[in-house]
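For reference, the structure is listed below as structure tokens.
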Amino acid sequence: MTTASPRGTAVTARVGTVLGIVIAVCFLTGLISHFIQHPQPWFFWPTRPVWLYRFTQGLHVISGIAAIPLVLVKLWSVWPKLFERPVIGGLVRQLERLSILVLVASMLFQLSTGVLNIAQWYAFRFFFTTSHYAMSYVAIGAVLVHIGVKLPVIRAALGEPLDGAPRGELPVPSRRTVLRGTWLAVALATVVTAGQTIPALRRVSVLAPRTGEGPQGVPVNRSAIAAGVIGAARSPDYRLTVTRGDRTKAFTLAELAAMPQATHRLPIACVEGWSADADWTGVVLTDLLAAVDAPPDSDVRMISLERPGPYSRTVLPARHVRDAKTLIALRLNGEPLALDHGYPCRLIAPTRPGVLQTKWLTRIEVAG
């Protein structure tokens with residue numbers, strides 16, 4: 001049997017191939033979430049199936065976490081090569097080293113800040129969403145350059161055997177053992193965190209940032225205290241105002257409760273990856289908009305009692321406005337909305353990020 005180091009191109013190429021696939025999935029699902037939150041004229045996001053955003057964003061976070069052990073093993077496998085002579089070399093070698101430097105730096109940045117974000121520990125001073133989005137292009141660009149430079153080596157390495165015995169007198173793992181350990185680490189990292197997205201794994205996901213528990217059986221990211229809305233939400237003078245041009249209709253909470261109510265089971269899915277199914281009861285949005293004769297092809301702006309901020313004012317696209325499952329919710333799982341879930345009323349619409357399901361609604365403006 002031939003001798004072989006547990007490090008080397010055979011391991012690097014195989015781990016790198018899987019890592020490339022994982023990065024591509026993470027990148028594409030991240031783009032989906034970005035364009036839902038920052039829609040472009042060409043971007044289309046459907047309202048069915050209602051769990052679609054839950055799936056794509058859960059996959060985004062799961063693939064990002066799965067990438068962590070892959071990156072670590074890939075770095076371990078190529079570590080000696082990073083210090084090979086000559087340091088500079090020719091143009092191809094310079095491109096290779098530059099792509100590795102940018103790739104490693106951008107991946108470590110993306111993965112570390114992503115983990116901090118899902119844990120809601122913002123130790124950094126920059127705005128996560130903008131920085132994470134911009135750096136994703138740097139990371140995927142570095143991956144493509146690296147693949148382009150190393151493609152002949154990758155092809156040859158994928159054909160190398162894995163069964164060679166390691167060199168040296170000290171016992172070291174074989175290539176096949178290293179790969180098996182890598183796949184096991186990826187599976188373990190996924191299982192212990194994916195329960196925040198996959199309910200069946202909730203009991204074994206001991207490192208998941210969310211347990212799936214919270215007021216009325218649904219987790220909360222931003223509380224009423226943090227939003228500074230308790231006084232306004234509980235005020236007897238509260239009104240939900242619906243406007244379209246010079247037409248205005250104000251509803252008390254009692255008037256909203258007296259309107260025909262609908263109940264739908266919809267997931268609430270957060271950009272941090274957690275999600276939970278719940279029964280939401282409230283007024284179908286189109287019924288409410290009929291009070292101001294809103295046209296069916298209009299976008300709608302949702303305004304919260306919360307002071308102006310990145311997500312206290314959101315725009316709901318017309319296709320979501322028209323959907324019969326889009327509610328101005330008054331009740332959650334059979335109970336009046338808790339303050340932390342948006343009392344006195346909130347938006348709940350299919351296939352939308354939780355951050356865009358505006359809580360503590362005070363005003364609905366019809367565009368056009």
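A note on labels: chains of the structure tokens are A, B, ... as shown, every chain counts residues from 1, and ligands are counted from 1 in their shown order.
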
Margin query: Can you tell me which residues surround Ile328 (chain A) at a distance of at most 7 Å, considering only C-alpha atoms, apart from same-chain residues fewer than 4 positions away, and format the answer as a count of residues only?
Written below: 8

Note to self: So that I can check the surroundings of Cys26 (chain A), please list as a PyMOL selection string every protein, DNA and RNA residue that reaches within 10 Å of it, counting only C-alpha atoms and ignoring chain neighbours fewer than 2 positions away.
What the structure shows: chain A and resi 20-24+28-31+56-67+136

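Here CA of Val50 (chain A) is placed at a distance of 18.8 Å from CA of Gly212 (chain A).
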
Notebook entry, point to check: Which residues, written as a ChimeraX atom specification, have at least one atom at most 10 Å from Val138 (chain A), with only C-alpha atoms counted and residues fewer than 3 positions away on the same chain left out?
Noted result: /A:102-103,105-107,133-135,141-143

How close does each residue of region 17-51 of chain A get to region 263-266 of chain A, giving the shortest atom pair and distance in Å to one decimal for every residue with an atom at most 12 Å away, counting only C-alpha atoms, sorted by chain and residue number, as a tab-separated table?
```
residue	atom	partner	partner_atom	distance
A:Thr47	CA	A:Leu266	CA	11.5
A:Arg48	CA	A:Leu266	CA	11.2
A:Pro49	CA	A:Leu266	CA	10.3
A:Val50	CA	A:Leu266	CA	6.8
A:Trp51	CA	A:Leu266	CA	7.6
```

How would the residues just picked look written out with all heavy atoms as a JSON list (two decimals), in the first residue's frame?
```json
[["chain", "number", "residue", "atom", "x", "y", "z"],
["A", 47, "THR", "N", -46.43, 33.92, -2.70],
["A", 47, "THR", "CA", -47.06, 33.77, -1.39],
["A", 47, "THR", "C", -47.33, 32.31, -1.04],
["A", 47, "THR", "O", -47.78, 32.03, 0.08],
["A", 47, "THR", "CB", -48.40, 34.53, -1.35],
["A", 47, "THR", "OG1", -49.31, 33.95, -2.29],
["A", 47, "THR", "CG2", -48.21, 36.00, -1.68],
["A", 48, "ARG", "N", -47.05, 31.41, -1.96],
["A", 48, "ARG", "CA", -47.26, 29.99, -1.72],
["A", 48, "ARG", "C", -46.02, 29.20, -2.16],
["A", 48, "ARG", "O", -45.38, 29.58, -3.14],
["A", 48, "ARG", "CB", -48.48, 29.46, -2.50],
["A", 48, "ARG", "CG", -49.82, 30.01, -2.06],
["A", 48, "ARG", "CD", -50.19, 29.53, -0.66],
["A", 48, "ARG", "NE", -51.54, 29.96, -0.32],
["A", 48, "ARG", "CZ", -51.86, 31.14, 0.16],
["A", 48, "ARG", "NH1", -50.92, 32.04, 0.36],
["A", 48, "ARG", "NH2", -53.11, 31.45, 0.44],
["A", 49, "PRO", "N", -45.68, 28.13, -1.49],
["A", 49, "PRO", "CA", -46.30, 27.64, -0.24],
["A", 49, "PRO", "C", -45.96, 28.57, 0.92],
["A", 49, "PRO", "O", -44.94, 29.25, 0.90],
["A", 49, "PRO", "CB", -45.67, 26.26, -0.05],
["A", 49, "PRO", "CG", -44.36, 26.34, -0.77],
["A", 49, "PRO", "CD", -44.58, 27.24, -1.95],
["A", 50, "VAL", "N", -46.81, 28.57, 1.93],
["A", 50, "VAL", "CA", -46.66, 29.54, 3.02],
["A", 50, "VAL", "C", -45.37, 29.34, 3.81],
["A", 50, "VAL", "O", -44.91, 30.26, 4.49],
["A", 50, "VAL", "CB", -47.88, 29.49, 3.97],
["A", 50, "VAL", "CG1", -49.15, 29.88, 3.24],
["A", 50, "VAL", "CG2", -48.01, 28.10, 4.62],
["A", 51, "TRP", "N", -44.78, 28.14, 3.71],
["A", 51, "TRP", "CA", -43.56, 27.84, 4.46],
["A", 51, "TRP", "C", -42.29, 28.09, 3.65],
["A", 51, "TRP", "O", -41.19, 27.76, 4.09],
["A", 51, "TRP", "CB", -43.56, 26.37, 4.91],
["A", 51, "TRP", "CG", -43.97, 25.40, 3.83],
["A", 51, "TRP", "CD1", -45.20, 24.85, 3.65],
["A", 51, "TRP", "CD2", -43.14, 24.91, 2.76],
["A", 51, "TRP", "NE1", -45.20, 24.02, 2.54],
["A", 51, "TRP", "CE2", -43.95, 24.05, 1.98],
["A", 51, "TRP", "CE3", -41.82, 25.10, 2.39],
["A", 51, "TRP", "CZ2", -43.46, 23.39, 0.85],
["A", 51, "TRP", "CZ3", -41.33, 24.45, 1.26],
["A", 51, "TRP", "CH2", -42.16, 23.60, 0.51]]
```

Margin query: Run DSSP on the backbone and tell me which residues of region 140-315 of chain A come out as strand (DSSP E or B); list them as a ChimeraX atom specification.
Written below: /A:165,240-244,247-251,262-269,275-284,300-304,313-315

Notebook entry, point to check: Pick the closest to Lys81 (chain A) from A:Gly8, A:Gly354, A:Pro215, A:Gly368: which is it, counting only C-alpha atoms?
Noted result: A:Gly8

Notebook entry, point to check: DSSP on the backbone: what in region 91-303 of chain A comes out alpha helix (DSSP H), as a ChimeraX atom specification?
Noted result: /A:91-118,128-158,175-191,224-227,230-234,253-258,285-289

Can you spit out the residues from that selection as a compact mmCIF listing (two decimals), in the first residue's frame, using C-alpha atoms?
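Dumped everything to again-v4.txt:
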```txt
# COMPACT_ATOMS: atom_id res chain seq x y z
CA LEU A 91 1.41 35.36 -11.77
CA VAL A 92 -0.62 32.17 -11.32
CA ARG A 93 0.88 31.58 -7.89
CA GLN A 94 0.18 35.20 -6.89
CA LEU A 95 -3.44 34.87 -8.01
CA GLU A 96 -3.75 31.60 -6.12
CA ARG A 97 -2.36 33.05 -2.90
CA LEU A 98 -4.41 36.24 -3.20
CA SER A 99 -7.59 34.25 -3.80
CA ILE A 100 -6.83 32.07 -0.76
CA LEU A 101 -6.18 35.14 1.41
CA VAL A 102 -9.40 36.85 0.34
CA LEU A 103 -11.36 33.60 0.54
CA VAL A 104 -10.18 32.74 4.05
CA ALA A 105 -10.67 36.28 5.36
CA SER A 106 -14.14 36.71 3.84
CA MET A 107 -15.31 33.26 4.94
CA LEU A 108 -14.12 33.76 8.51
CA PHE A 109 -15.84 37.15 8.55
CA GLN A 110 -19.10 35.78 7.15
CA LEU A 111 -19.24 32.74 9.41
CA SER A 112 -18.21 34.50 12.62
CA THR A 113 -20.57 37.46 12.19
CA GLY A 114 -23.34 35.12 11.02
CA VAL A 115 -23.05 33.02 14.18
CA LEU A 116 -23.03 36.19 16.32
CA ASN A 117 -26.12 37.41 14.48
CA ILE A 118 -28.19 34.26 15.02
CA PHE A 128 -24.75 43.44 10.16
CA THR A 129 -27.20 43.18 7.24
CA THR A 130 -25.37 45.59 4.92
CA SER A 131 -21.91 44.25 5.75
CA HIS A 132 -22.95 40.59 5.49
CA TYR A 133 -24.57 41.19 2.10
CA ALA A 134 -21.58 43.09 0.67
CA MET A 135 -19.03 40.57 1.94
CA SER A 136 -21.02 37.68 0.45
CA TYR A 137 -20.05 38.89 -3.03
CA VAL A 138 -16.41 39.09 -1.98
CA ALA A 139 -16.58 35.53 -0.64
CA ILE A 140 -18.31 34.02 -3.68
CA GLY A 141 -15.98 35.93 -6.02
CA ALA A 142 -12.95 34.56 -4.19
CA VAL A 143 -14.39 31.04 -4.43
CA LEU A 144 -14.84 31.35 -8.20
CA VAL A 145 -11.32 32.74 -8.72
CA HIS A 146 -9.86 30.01 -6.53
CA ILE A 147 -11.72 27.30 -8.46
CA GLY A 148 -10.59 28.81 -11.78
CA VAL A 149 -6.94 28.86 -10.72
CA LYS A 150 -6.94 25.41 -9.09
CA LEU A 151 -9.31 23.49 -11.41
CA PRO A 152 -6.62 21.24 -12.97
CA VAL A 153 -5.27 20.41 -9.50
CA ILE A 154 -8.78 19.75 -8.19
CA ARG A 155 -9.56 17.34 -11.03
CA ALA A 156 -6.35 15.41 -10.48
CA ALA A 157 -6.79 15.36 -6.67
CA LEU A 158 -10.32 13.97 -6.87
CA ARG A 175 -7.28 10.31 4.58
CA ARG A 176 -10.48 8.30 4.67
CA THR A 177 -10.66 8.65 8.45
CA VAL A 178 -10.14 12.41 8.18
CA LEU A 179 -12.99 12.67 5.68
CA ARG A 180 -15.29 10.49 7.77
CA GLY A 181 -14.54 12.67 10.78
CA THR A 182 -15.29 15.78 8.69
CA TRP A 183 -18.68 14.50 7.53
CA LEU A 184 -19.50 13.50 11.10
CA ALA A 185 -18.56 16.97 12.37
CA VAL A 186 -20.77 18.59 9.70
CA ALA A 187 -23.69 16.32 10.63
CA LEU A 188 -23.21 17.00 14.33
CA ALA A 189 -22.98 20.78 13.86
CA THR A 190 -26.21 20.62 11.88
CA VAL A 191 -28.14 18.42 14.30
CA ALA A 224 -42.36 45.73 23.67
CA ILE A 225 -40.06 47.18 26.31
CA ALA A 226 -37.12 47.30 23.89
CA ALA A 227 -39.35 48.91 21.26
CA ILE A 230 -45.98 49.82 26.00
CA GLY A 231 -47.74 53.09 26.81
CA ALA A 232 -48.98 53.70 23.26
CA ALA A 233 -50.07 50.08 22.76
CA ARG A 234 -52.14 50.07 25.95
CA LEU A 253 -59.53 47.67 18.77
CA ALA A 254 -63.17 46.80 19.54
CA GLU A 255 -64.18 47.67 15.98
CA LEU A 256 -61.43 45.46 14.57
CA ALA A 257 -62.55 42.58 16.80
CA ALA A 258 -66.16 43.07 15.63
CA LEU A 285 -56.19 42.68 5.14
CA THR A 286 -58.26 43.13 1.98
CA ASP A 287 -61.42 43.42 4.10
CA LEU A 288 -59.80 46.23 6.04
CA LEU A 289 -58.57 48.00 2.92
```

Margin query: Using only C-alpha atoms, which protein or nucleic acid residues come within 12 Å of region 40-45 of chain A? Drop anything in the same chain fewer than 5 positions from it, and give the result as number ranges by chain.
Written below: A: 31-35, 50, 52-53, 56, 316-320, 350-353

Output N, CA and C atoms of each residue in that selection to a file, as a JSON list (two decimals), in the first residue's frame.
```
[["chain", "number", "residue", "atom", "x", "y", "z"],
["A", 31, "LEU", "N", -29.21, 35.66, -0.79],
["A", 31, "LEU", "CA", -29.69, 36.64, -1.76],
["A", 31, "LEU", "C", -31.22, 36.72, -1.75],
["A", 32, "ILE", "N", -31.87, 35.57, -1.64],
["A", 32, "ILE", "CA", -33.34, 35.56, -1.59],
["A", 32, "ILE", "C", -33.82, 36.41, -0.42],
["A", 33, "SER", "N", -33.24, 36.18, 0.75],
["A", 33, "SER", "CA", -33.66, 36.94, 1.93],
["A", 33, "SER", "C", -33.40, 38.43, 1.75],
["A", 34, "HIS", "N", -32.25, 38.77, 1.16],
["A", 34, "HIS", "CA", -31.92, 40.18, 0.94],
["A", 34, "HIS", "C", -32.92, 40.85, 0.01],
["A", 35, "PHE", "N", -33.26, 40.18, -1.08],
["A", 35, "PHE", "CA", -34.14, 40.81, -2.06],
["A", 35, "PHE", "C", -35.60, 40.84, -1.59],
["A", 50, "VAL", "N", -46.81, 28.57, 1.93],
["A", 50, "VAL", "CA", -46.66, 29.54, 3.02],
["A", 50, "VAL", "C", -45.37, 29.34, 3.81],
["A", 52, "LEU", "N", -42.40, 28.72, 2.49],
["A", 52, "LEU", "CA", -41.26, 28.83, 1.59],
["A", 52, "LEU", "C", -40.11, 29.62, 2.20],
["A", 53, "TYR", "N", -40.39, 30.77, 2.81],
["A", 53, "TYR", "CA", -39.29, 31.54, 3.41],
["A", 53, "TYR", "C", -38.70, 30.80, 4.60],
["A", 56, "THR", "N", -36.19, 28.44, 2.93],
["A", 56, "THR", "CA", -34.99, 29.04, 2.35],
["A", 56, "THR", "C", -34.10, 29.67, 3.41],
["A", 316, "LEU", "N", -45.53, 46.12, 2.06],
["A", 316, "LEU", "CA", -46.06, 44.80, 1.71],
["A", 316, "LEU", "C", -46.44, 44.82, 0.24],
["A", 317, "PRO", "N", -45.81, 43.97, -0.59],
["A", 317, "PRO", "CA", -46.12, 43.96, -2.02],
["A", 317, "PRO", "C", -47.57, 43.57, -2.30],
["A", 318, "ALA", "N", -48.08, 44.02, -3.45],
["A", 318, "ALA", "CA", -49.48, 43.83, -3.80],
["A", 318, "ALA", "C", -49.90, 42.37, -3.78],
["A", 319, "ARG", "N", -49.02, 41.45, -4.25],
["A", 319, "ARG", "CA", -49.42, 40.03, -4.29],
["A", 319, "ARG", "C", -49.65, 39.49, -2.88],
["A", 320, "HIS", "N", -48.93, 40.00, -1.90],
["A", 320, "HIS", "CA", -49.15, 39.60, -0.52],
["A", 320, "HIS", "C", -50.38, 40.31, 0.06],
["A", 350, "PRO", "N", -48.08, 35.32, 4.51],
["A", 350, "PRO", "CA", -47.31, 34.13, 4.11],
["A", 350, "PRO", "C", -45.96, 34.49, 3.50],
["A", 351, "THR", "N", -44.99, 33.63, 3.69],
["A", 351, "THR", "CA", -43.65, 33.67, 3.08],
["A", 351, "THR", "C", -42.93, 34.99, 3.28],
["A", 352, "ARG", "N", -43.10, 35.58, 4.46],
["A", 352, "ARG", "CA", -42.41, 36.85, 4.77],
["A", 352, "ARG", "C", -41.48, 36.66, 5.95],
["A", 353, "PRO", "N", -40.32, 37.33, 5.96],
["A", 353, "PRO", "CA", -39.45, 37.29, 7.14],
["A", 353, "PRO", "C", -40.16, 37.90, 8.34]]
```

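Separating CA of Thr358 (chain A) from CA of Ile198 (chain A) is a distance of 24.1 Å.
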
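We find CA of Pro219 (chain A) and CA of Asp277 (chain A) to be spaced 10.6 Å apart.
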
Next item on the list: Determine the nearest neighbour of Ala194 (chain A) from the options A:Asp293, A:Asp299, A:Asp163, A:Glu272, counting only C-alpha atoms.
Entry: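 Looking at the shortest contact to Ala194 (chain A), the residue is A:Glu272.
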
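With distances restricted to only C-alpha atoms, A:Gln357 is the closest residue to Ser312 (chain A) from A:Ser298, A:Thr326, A:Asn333, A:Gln357.
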
Check: If you count only C-alpha atoms, which residues fall within 7 Å of Thr241 (chain A), apart from same-chain ones fewer than 3 positions away, as an MDAnalysis selection string?
Finding: chainID A and resid 248:251 362:364

Checklist line | A:Gly195, A:Glu335, A:Arg7, A:Arg313 ranked by distance to Trp79 (chain A), top pick (using only C-alpha atoms) | finding: A:Arg7

Notebook entry, point to check: Counting only C-alpha atoms, what is within 6 Å of Glu365 (chain A), bar same-chain residues fewer than 6 positions away, as a PyMOL selection string?
Noted result: chain A and resi 242-243+300-301

Check: Quick one: residues within 6 Å of region 336-344 of chain A, only C-alpha atoms counted, chain neighbours fewer than 5 positions away excluded, as a list in words?
Finding: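 Selected residues are Ser223, Ala224, Leu330, Arg331, Lys359 and Trp360 of chain A.
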